[in-house]
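Chemist: Handing over run.pdb, PDB, C-alpha atoms, pLDDT in the B column.
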MODEL        1
ATOM      1  CA  ASP T  96       0.000   0.000   0.000  1.00 70.00           C
ATOM      2  CA  VAL T  97       1.056   3.547  -0.718  1.00 69.00           C
ATOM      3  CA  LYS T  98       1.888   5.485   2.392  1.00 91.00           C
ATOM      4  CA  VAL T  99       1.974   9.273   2.498  1.00 96.00           C
ATOM      5  CA  THR T 100       2.874  10.837   5.817  1.00 96.00           C
ATOM      6  CA  GLN T 101       2.783  14.439   6.984  1.00 96.00           C
ATOM      7  CA  SER T 102       4.934  15.811   9.771  1.00 90.00           C
ATOM      8  CA  SER T 103       2.144  17.052  12.036  1.00 91.00           C
ATOM      9  CA  ARG T 104      -1.605  16.493  12.406  1.00 94.00           C
ATOM     10  CA  TYR T 105      -2.111  19.777  14.255  1.00 96.00           C
ATOM     11  CA  LEU T 106       0.068  22.874  14.292  1.00 97.00           C
ATOM     12  CA  VAL T 107      -0.355  26.279  15.927  1.00 98.00           C
ATOM     13  CA  LYS T 108       1.880  29.137  14.806  1.00 97.00           C
ATOM     14  CA  ARG T 109       2.011  32.871  15.328  1.00 98.00           C
ATOM     15  CA  THR T 110       1.612  35.513  12.642  1.00 98.00           C
ATOM     16  CA  GLY T 111       4.925  36.233  10.945  1.00 97.00           C
ATOM     17  CA  GLU T 112       6.547  32.898  11.779  1.00 97.00           C
ATOM     18  CA  LYS T 113       8.186  30.788   9.090  1.00 97.00           C
ATOM     19  CA  VAL T 114       6.361  27.464   8.867  1.00 97.00           C
ATOM     20  CA  PHE T 115       7.510  24.203   7.306  1.00 97.00           C
ATOM     21  CA  LEU T 116       5.079  21.427   6.441  1.00 98.00           C
ATOM     22  CA  GLU T 117       6.721  18.161   5.458  1.00 97.00           C
ATOM     23  CA  CYS T 118       5.354  15.353   3.342  1.00 97.00           C
ATOM     24  CA  VAL T 119       6.992  11.990   2.690  1.00 98.00           C
ATOM     25  CA  GLN T 120       5.850   9.176   0.386  1.00 97.00           C
ATOM     26  CA  ASP T 121       7.287   5.677   0.268  1.00 94.00           C
ATOM     27  CA  MET T 122       6.247   4.519  -3.221  1.00 91.00           C
ATOM     28  CA  ASP T 123       8.876   6.163  -5.397  1.00 93.00           C
ATOM     29  CA  HIS T 124       6.227   8.407  -6.965  1.00 94.00           C
ATOM     30  CA  GLU T 125       7.401  11.051  -9.388  1.00 94.00           C
ATOM     31  CA  ASN T 126       4.616  13.526  -8.650  1.00 95.00           C
ATOM     32  CA  MET T 127       3.725  15.253  -5.402  1.00 96.00           C
ATOM     33  CA  PHE T 128       1.094  17.859  -4.619  1.00 97.00           C
ATOM     34  CA  TRP T 129       0.111  20.317  -1.896  1.00 98.00           C
ATOM     35  CA  TYR T 130      -3.536  21.335  -1.454  1.00 97.00           C
ATOM     36  CA  ARG T 131      -5.388  23.398   1.076  1.00 97.00           C
ATOM     37  CA  GLN T 132      -8.969  22.707   2.067  1.00 96.00           C
ATOM     38  CA  ASP T 133     -11.311  25.369   3.390  1.00 94.00           C
ATOM     39  CA  PRO T 134     -15.040  25.240   4.138  1.00 89.00           C
ATOM     40  CA  GLY T 135     -17.030  26.429   1.149  1.00 84.00           C
ATOM     41  CA  LEU T 136     -13.953  26.562  -1.102  1.00 85.00           C
ATOM     42  CA  GLY T 137     -13.137  22.876  -1.398  1.00 87.00           C
ATOM     43  CA  LEU T 138      -9.659  21.584  -2.196  1.00 93.00           C
ATOM     44  CA  ARG T 139      -7.362  23.950  -4.038  1.00 94.00           C
ATOM     45  CA  LEU T 140      -3.954  23.174  -5.491  1.00 94.00           C
ATOM     46  CA  ILE T 141      -1.097  25.266  -4.110  1.00 97.00           C
ATOM     47  CA  TYR T 142       1.969  23.736  -5.787  1.00 97.00           C
ATOM     48  CA  PHE T 143       2.989  20.486  -7.358  1.00 95.00           C
ATOM     49  CA  SER T 144       6.257  18.837  -8.359  1.00 96.00           C
ATOM     50  CA  TYR T 145       6.806  16.297 -11.121  1.00 93.00           C
ATOM     51  CA  ASP T 146      10.462  15.588 -10.346  1.00 92.00           C
ATOM     52  CA  VAL T 147      13.212  16.352  -7.879  1.00 92.00           C
ATOM     53  CA  LYS T 148      14.009  20.082  -7.822  1.00 88.00           C
ATOM     54  CA  MET T 149      11.084  20.775 -10.183  1.00 91.00           C
ATOM     55  CA  LYS T 150       7.992  22.676  -9.141  1.00 94.00           C
ATOM     56  CA  GLU T 151       4.901  24.171 -10.731  1.00 94.00           C
ATOM     57  CA  LYS T 152       2.490  26.734  -9.347  1.00 95.00           C
ATOM     58  CA  GLY T 153      -1.026  25.613  -8.731  1.00 93.00           C
ATOM     59  CA  ASP T 154      -4.108  27.760  -8.427  1.00 91.00           C
ATOM     60  CA  ILE T 155      -3.205  29.605  -5.217  1.00 95.00           C
ATOM     61  CA  PRO T 156       0.612  29.807  -4.809  1.00 96.00           C
ATOM     62  CA  GLU T 157       0.745  33.288  -3.293  1.00 96.00           C
ATOM     63  CA  GLY T 158       2.320  33.308   0.157  1.00 96.00           C
ATOM     64  CA  TYR T 159       3.788  29.823  -0.243  1.00 98.00           C
ATOM     65  CA  SER T 160       6.945  28.231  -1.571  1.00 97.00           C
ATOM     66  CA  VAL T 161       8.012  24.598  -1.896  1.00 97.00           C
ATOM     67  CA  SER T 162      11.128  22.487  -1.855  1.00 97.00           C
ATOM     68  CA  ARG T 163      11.823  19.064  -3.309  1.00 96.00           C
ATOM     69  CA  GLU T 164      15.423  18.027  -2.716  1.00 95.00           C
ATOM     70  CA  LYS T 165      14.707  14.296  -2.588  1.00 95.00           C
ATOM     71  CA  LYS T 166      12.174  12.282  -4.537  1.00 95.00           C
ATOM     72  CA  GLU T 167      10.272  11.073  -1.486  1.00 96.00           C
ATOM     73  CA  ARG T 168       9.963  14.429   0.296  1.00 97.00           C
ATOM     74  CA  PHE T 169       8.016  17.545  -0.634  1.00 97.00           C
ATOM     75  CA  SER T 170       7.969  20.525   1.711  1.00 97.00           C
ATOM     76  CA  LEU T 171       5.552  23.425   1.826  1.00 98.00           C
ATOM     77  CA  ILE T 172       6.916  26.656   3.275  1.00 98.00           C
ATOM     78  CA  LEU T 173       4.979  29.612   4.599  1.00 97.00           C
ATOM     79  CA  GLU T 174       7.607  32.354   4.587  1.00 94.00           C
ATOM     80  CA  SER T 175       5.647  34.614   6.944  1.00 97.00           C
ATOM     81  CA  ALA T 176       2.482  32.993   8.233  1.00 97.00           C
ATOM     82  CA  SER T 177      -0.715  35.020   8.212  1.00 98.00           C
ATOM     83  CA  THR T 178      -4.103  34.342   9.753  1.00 97.00           C
ATOM     84  CA  ASN T 179      -5.662  33.762   6.323  1.00 97.00           C
ATOM     85  CA  GLN T 180      -3.391  30.748   5.963  1.00 98.00           C
ATOM     86  CA  THR T 181      -5.229  28.968   8.744  1.00 98.00           C
ATOM     87  CA  SER T 182      -6.454  25.871   6.956  1.00 97.00           C
ATOM     88  CA  MET T 183      -6.231  22.123   6.455  1.00 97.00           C
ATOM     89  CA  TYR T 184      -3.182  21.256   4.332  1.00 98.00           C
ATOM     90  CA  LEU T 185      -3.170  18.014   2.378  1.00 97.00           C
ATOM     91  CA  CYS T 186      -0.264  16.401   0.584  1.00 97.00           C
ATOM     92  CA  ALA T 187      -0.687  13.831  -2.198  1.00 97.00           C
ATOM     93  CA  SER T 188       1.482  11.785  -4.521  1.00 96.00           C
ATOM     94  CA  SER T 189       1.010   9.883  -7.765  1.00 94.00           C
ATOM     95  CA  PHE T 190       3.131   7.746 -10.051  1.00 91.00           C
ATOM     96  CA  LEU T 191       1.939   9.425 -13.258  1.00 86.00           C
ATOM     97  CA  ALA T 192       1.208  13.140 -13.523  1.00 82.00           C
ATOM     98  CA  ALA T 193      -2.439  12.396 -14.262  1.00 81.00           C
ATOM     99  CA  GLY T 194      -2.454   9.227 -12.229  1.00 88.00           C
ATOM    100  CA  ARG T 195      -4.233   8.047  -9.151  1.00 93.00           C
ATOM    101  CA  GLN T 196      -3.494  10.366  -6.243  1.00 95.00           C
ATOM    102  CA  TYR T 197      -2.855   9.153  -2.718  1.00 96.00           C
ATOM    103  CA  PHE T 198      -3.265  11.563   0.173  1.00 97.00           C
ATOM    104  CA  GLY T 199      -1.608  11.996   3.519  1.00 96.00           C
ATOM    105  CA  PRO T 200      -3.626  12.449   6.732  1.00 95.00           C
ATOM    106  CA  GLY T 201      -3.514  16.245   6.562  1.00 96.00           C
ATOM    107  CA  THR T 202      -2.130  18.994   8.790  1.00 97.00           C
ATOM    108  CA  ARG T 203      -4.588  21.350  10.433  1.00 96.00           C
ATOM    109  CA  LEU T 204      -2.688  24.634  10.757  1.00 98.00           C
ATOM    110  CA  THR T 205      -3.881  27.480  12.931  1.00 98.00           C
ATOM    111  CA  VAL T 206      -2.139  30.857  12.671  1.00 98.00           C
ATOM    112  CA  THR T 207      -2.900  33.205  15.552  1.00 97.00           C
TER     113      THR T 207
ATOM    114  CA  GLY H 257     -11.428  26.006 -16.397  1.00 85.00           C
ATOM    115  CA  ILE H 258     -13.411  22.824 -16.075  1.00 90.00           C
ATOM    116  CA  GLN H 259     -16.424  22.876 -13.761  1.00 93.00           C
ATOM    117  CA  VAL H 260     -17.327  19.947 -11.514  1.00 96.00           C
ATOM    118  CA  GLU H 261     -20.751  19.690  -9.882  1.00 97.00           C
ATOM    119  CA  GLN H 262     -21.731  17.053  -7.371  1.00 97.00           C
ATOM    120  CA  SER H 263     -25.177  16.130  -6.180  1.00 97.00           C
ATOM    121  CA  PRO H 264     -26.775  15.894  -3.772  1.00 97.00           C
ATOM    122  CA  PRO H 265     -24.777  18.172  -1.458  1.00 96.00           C
ATOM    123  CA  ASP H 266     -26.073  16.329   1.593  1.00 97.00           C
ATOM    124  CA  LEU H 267     -27.507  12.865   2.055  1.00 97.00           C
ATOM    125  CA  ILE H 268     -28.789  11.139   5.188  1.00 97.00           C
ATOM    126  CA  LEU H 269     -29.404   7.390   5.139  1.00 96.00           C
ATOM    127  CA  GLN H 270     -30.344   4.612   7.478  1.00 97.00           C
ATOM    128  CA  GLU H 271     -27.858   1.798   7.761  1.00 97.00           C
ATOM    129  CA  GLY H 272     -28.489  -0.792   5.063  1.00 97.00           C
ATOM    130  CA  ALA H 273     -29.861   1.638   2.481  1.00 98.00           C
ATOM    131  CA  ASN H 274     -28.434   2.117  -0.998  1.00 97.00           C
ATOM    132  CA  SER H 275     -27.457   5.440  -2.537  1.00 97.00           C
ATOM    133  CA  THR H 276     -26.223   7.036  -5.744  1.00 98.00           C
ATOM    134  CA  LEU H 277     -23.970  10.070  -5.863  1.00 98.00           C
ATOM    135  CA  ARG H 278     -23.543  12.024  -9.079  1.00 98.00           C
ATOM    136  CA  CYS H 279     -20.696  14.047 -10.572  1.00 98.00           C
ATOM    137  CA  ASN H 280     -21.181  16.216 -13.662  1.00 98.00           C
ATOM    138  CA  PHE H 281     -18.286  17.878 -15.447  1.00 96.00           C
ATOM    139  CA  SER H 282     -18.261  20.567 -18.074  1.00 95.00           C
ATOM    140  CA  ASP H 283     -15.546  19.408 -20.468  1.00 92.00           C
ATOM    141  CA  SER H 284     -13.680  16.363 -21.727  1.00 91.00           C
ATOM    142  CA  VAL H 285     -11.466  14.690 -19.140  1.00 90.00           C
ATOM    143  CA  ASN H 286      -8.345  12.536 -19.108  1.00 89.00           C
ATOM    144  CA  ASN H 287      -9.318  10.905 -15.867  1.00 92.00           C
ATOM    145  CA  LEU H 288     -11.787  11.001 -13.014  1.00 96.00           C
ATOM    146  CA  GLN H 289     -11.232   9.953  -9.427  1.00 97.00           C
ATOM    147  CA  TRP H 290     -13.595   9.398  -6.500  1.00 98.00           C
ATOM    148  CA  PHE H 291     -12.421  10.016  -2.941  1.00 97.00           C
ATOM    149  CA  HIS H 292     -13.887   9.491   0.517  1.00 98.00           C
ATOM    150  CA  GLN H 293     -12.868  11.892   3.285  1.00 96.00           C
ATOM    151  CA  ASN H 294     -13.454  10.399   6.711  1.00 93.00           C
ATOM    152  CA  PRO H 295     -14.414  12.481   9.761  1.00 89.00           C
ATOM    153  CA  TRP H 296     -10.717  12.803  10.706  1.00 89.00           C
ATOM    154  CA  GLY H 297      -9.879  14.435   7.377  1.00 91.00           C
ATOM    155  CA  GLN H 298      -8.113  11.554   5.633  1.00 92.00           C
ATOM    156  CA  LEU H 299      -8.862  11.318   1.918  1.00 95.00           C
ATOM    157  CA  ILE H 300      -8.991   7.791   0.538  1.00 96.00           C
ATOM    158  CA  ASN H 301      -8.897   7.161  -3.184  1.00 96.00           C
ATOM    159  CA  LEU H 302     -11.860   4.944  -4.036  1.00 97.00           C
ATOM    160  CA  PHE H 303     -11.712   4.771  -7.815  1.00 97.00           C
ATOM    161  CA  TYR H 304      -9.647   5.912 -10.756  1.00 96.00           C
ATOM    162  CA  ILE H 305     -12.255   5.706 -13.492  1.00 96.00           C
ATOM    163  CA  PRO H 306     -11.932   7.780 -16.679  1.00 93.00           C
ATOM    164  CA  SER H 307     -14.601   5.624 -18.324  1.00 94.00           C
ATOM    165  CA  GLY H 308     -16.557   2.439 -17.814  1.00 97.00           C
ATOM    166  CA  THR H 309     -17.584   0.687 -14.620  1.00 98.00           C
ATOM    167  CA  LYS H 310     -15.567  -0.580 -11.666  1.00 97.00           C
ATOM    168  CA  GLN H 311     -16.562  -2.331  -8.476  1.00 97.00           C
ATOM    169  CA  ASN H 312     -14.872  -2.585  -5.109  1.00 96.00           C
ATOM    170  CA  GLY H 313     -16.894  -4.453  -2.525  1.00 97.00           C
ATOM    171  CA  ARG H 314     -20.094  -2.558  -1.742  1.00 97.00           C
ATOM    172  CA  LEU H 315     -18.987   0.393  -3.857  1.00 98.00           C
ATOM    173  CA  SER H 316     -19.114   0.727  -7.592  1.00 98.00           C
ATOM    174  CA  ALA H 317     -18.597   3.598 -10.009  1.00 98.00           C
ATOM    175  CA  THR H 318     -19.568   4.307 -13.577  1.00 98.00           C
ATOM    176  CA  THR H 319     -18.230   7.079 -15.775  1.00 98.00           C
ATOM    177  CA  VAL H 320     -19.911   7.988 -19.073  1.00 97.00           C
ATOM    178  CA  ALA H 321     -17.294  10.282 -20.508  1.00 94.00           C
ATOM    179  CA  THR H 322     -19.247  11.111 -23.674  1.00 94.00           C
ATOM    180  CA  GLU H 323     -22.106  12.459 -21.544  1.00 96.00           C
ATOM    181  CA  ARG H 324     -19.792  14.041 -18.975  1.00 97.00           C
ATOM    182  CA  TYR H 325     -20.954  12.423 -15.773  1.00 98.00           C
ATOM    183  CA  SER H 326     -19.968   9.794 -13.252  1.00 98.00           C
ATOM    184  CA  LEU H 327     -21.985   7.935 -10.636  1.00 98.00           C
ATOM    185  CA  LEU H 328     -20.859   6.393  -7.363  1.00 98.00           C
ATOM    186  CA  TYR H 329     -23.082   3.655  -5.958  1.00 98.00           C
ATOM    187  CA  ILE H 330     -22.990   2.656  -2.315  1.00 98.00           C
ATOM    188  CA  SER H 331     -24.945  -0.465  -1.434  1.00 97.00           C
ATOM    189  CA  SER H 332     -25.937  -1.704   2.022  1.00 97.00           C
ATOM    190  CA  SER H 333     -24.499   1.423   3.609  1.00 97.00           C
ATOM    191  CA  GLN H 334     -22.723   1.261   6.972  1.00 97.00           C
ATOM    192  CA  THR H 335     -22.047   3.959   9.547  1.00 96.00           C
ATOM    193  CA  THR H 336     -18.382   3.856   8.544  1.00 95.00           C
ATOM    194  CA  ASP H 337     -19.390   5.093   5.082  1.00 97.00           C
ATOM    195  CA  SER H 338     -20.178   8.490   6.605  1.00 97.00           C
ATOM    196  CA  GLY H 339     -18.034  11.387   5.473  1.00 96.00           C
ATOM    197  CA  VAL H 340     -17.606  13.513   2.381  1.00 97.00           C
ATOM    198  CA  TYR H 341     -17.348  12.022  -1.093  1.00 98.00           C
ATOM    199  CA  PHE H 342     -15.402  14.012  -3.667  1.00 97.00           C
ATOM    200  CA  CYS H 343     -15.221  13.661  -7.381  1.00 97.00           C
ATOM    201  CA  ALA H 344     -12.095  15.083  -9.037  1.00 96.00           C
ATOM    202  CA  VAL H 345     -11.313  15.385 -12.729  1.00 95.00           C
ATOM    203  CA  ASP H 346      -8.267  16.060 -14.834  1.00 90.00           C
ATOM    204  CA  GLY H 347      -9.537  18.065 -17.783  1.00 84.00           C
ATOM    205  CA  GLU H 348      -7.924  17.611 -21.182  1.00 77.00           C
ATOM    206  CA  THR H 349      -6.612  21.188 -20.984  1.00 74.00           C
ATOM    207  CA  SER H 350      -5.824  21.172 -17.246  1.00 71.00           C
ATOM    208  CA  GLY H 351      -2.202  20.120 -17.462  1.00 72.00           C
ATOM    209  CA  SER H 352      -2.633  17.034 -15.272  1.00 74.00           C
ATOM    210  CA  ARG H 353      -4.161  19.009 -12.407  1.00 85.00           C
ATOM    211  CA  LEU H 354      -7.170  17.695 -10.577  1.00 91.00           C
ATOM    212  CA  THR H 355     -10.233  19.902 -10.145  1.00 92.00           C
ATOM    213  CA  PHE H 356     -12.379  18.839  -7.210  1.00 94.00           C
ATOM    214  CA  GLY H 357     -16.118  19.089  -6.826  1.00 95.00           C
ATOM    215  CA  GLU H 358     -17.675  20.522  -3.678  1.00 94.00           C
ATOM    216  CA  GLY H 359     -18.428  17.067  -2.353  1.00 96.00           C
ATOM    217  CA  THR H 360     -21.432  15.152  -1.043  1.00 97.00           C
ATOM    218  CA  GLN H 361     -21.748  14.968   2.744  1.00 97.00           C
ATOM    219  CA  LEU H 362     -23.079  11.505   3.591  1.00 97.00           C
ATOM    220  CA  THR H 363     -24.401  10.602   7.029  1.00 97.00           C
ATOM    221  CA  VAL H 364     -25.366   7.004   7.715  1.00 97.00           C
ATOM    222  CA  ASN H 365     -27.387   6.554  10.877  1.00 97.00           C
ATOM    223  CA  PRO H 366     -27.515   3.274  12.811  1.00 95.00           C
TER     224      PRO H 366
ENDMDL
END
In structure tokens, write the structure found in this file.

Modeler:
Amino acid sequence: DVKVTQSSRYLVKRTGEKVFLECVQDMDHENMFWYRQDPGLGLRLIYFSYDVKMKEKGDIPEGYSVSREKKERFSLILESASTNQTSMYLCASSFLAAGRQYFGPGTRLTVT
Amino acid sequence: GIQVEQSPPDLILQEGANSTLRCNFSDSVNNLQWFHQNPWGQLINLFYIPSGTKQNGRLSATTVATERYSLLYISSSQTTDSGVYFCAVDGETSGSRLTFGEGTQLTVNP
């Protein structure tokens, strides 16, 4: 079975802090994705990566950056957290770019 | 971009009942996936189904790509089926990005 893990289930940070969310997959997948999920807005794609050191902007990249130094790990970075970044963050991976996506358990981030 | 509409938005069932969830999409797609999000937030991939019919236990899905819709059938529902069901599509012009519907909130009562 594919396993996607995220570094924290719950996280509380203060406005202005730099925040790192980590995602690791164990299936040698080429593609990894970061989404955020908000009530009434559904799941929205922030960034994705189709190879090591490669990244593509999704629909809502503003205020975020990403890093993919190793194939199995994809990090989402909030350079200066703001309250409007309070959300559920979900990481996913897939073997093919348009392939079946497998999700991690999610990180519920609160920025105060 | 491609539009994805799911219906109904909410559904309440008694344990043992059957149900059908629908997903309509506005353009041609490369693939379509159904997910279940449990009450703890975990999204589980149920089906990868760009066309045709697939079955997995009590769940089955059918996608009619030419008519731009997909159906998810849940038979003999159980309380553990509760949660939100999402349909997500990769449109032919989407660049391999999934667009998610708003979801159907399913509650199965004992």

Chemist: Take the point (-6.8, 10.1, 4.2) in the file's coordinates, draw a sphere of radius 9 Å around it, and report as a list in words every protein, DNA or RNA residue with an atom inside or on it, counting only C-alpha atoms.

Modeler: Val99, Leu185, Tyr197, Phe198, Gly199, Pro200 and Gly201 of chain T; His292, Gln293, Asn294, Trp296, Gly297, Gln298, Leu299, Ile300 and Asn301 of chain H

Chemist: Could you list, as a count of residues only, the residues of chain T having an atom within 9 Å of chain H when counting all atoms listed in the file?

Modeler: 20

Chemist: Quick check, in Å to one decimal: how far apart do CA of Ser263 in chain H and CA of Cys279 in chain H lie?

Modeler: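 According to the coordinates, CA of Ser263 in chain H and CA of Cys279 in chain H are separated by 6.6 Å.
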
Chemist: Can you give me, as a PyMOL selection string, the residues this file yields under the PyMOL selection byres ((chain T and resi 164-181) around 9)?

Modeler: chain T and resi 108-129+133+142-144+146-148+158-163+182-183+186+203-207

Chemist: I'd like the neighbourhood of Phe281 in chain H as a list in words, where a residue qualifies if any of its atoms comes within 7 Å (using only C-alpha atoms), though same-chain residues fewer than 6 positions away should be ignored.

Modeler: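 That gives Ile258, Gln259, Val260, Glu261, Arg324 and Tyr325 of chain H.
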
Chemist: Can you work out the spacing between CA of Arg314 in chain H and CA of Lys98 in chain T in Å, to one decimal?

Modeler: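 If I compute the distance from CA of Arg314 in chain H to CA of Lys98 in chain T, I get 23.8 Å.
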
Chemist: Kindly give the distance, in Å, that separates CA of Pro134 in chain T and CA of Asp283 in chain H, rounded to a single decimal.

Modeler: 25.3 Å

Chemist: Taking into account all atoms listed in the file, which residue in the set H:Val320, H:Tyr341, H:Pro306, H:Ser332 is nearest to Leu277 in chain H?

Modeler: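 Closest residue, counting all atoms listed in the file: H:Tyr341.
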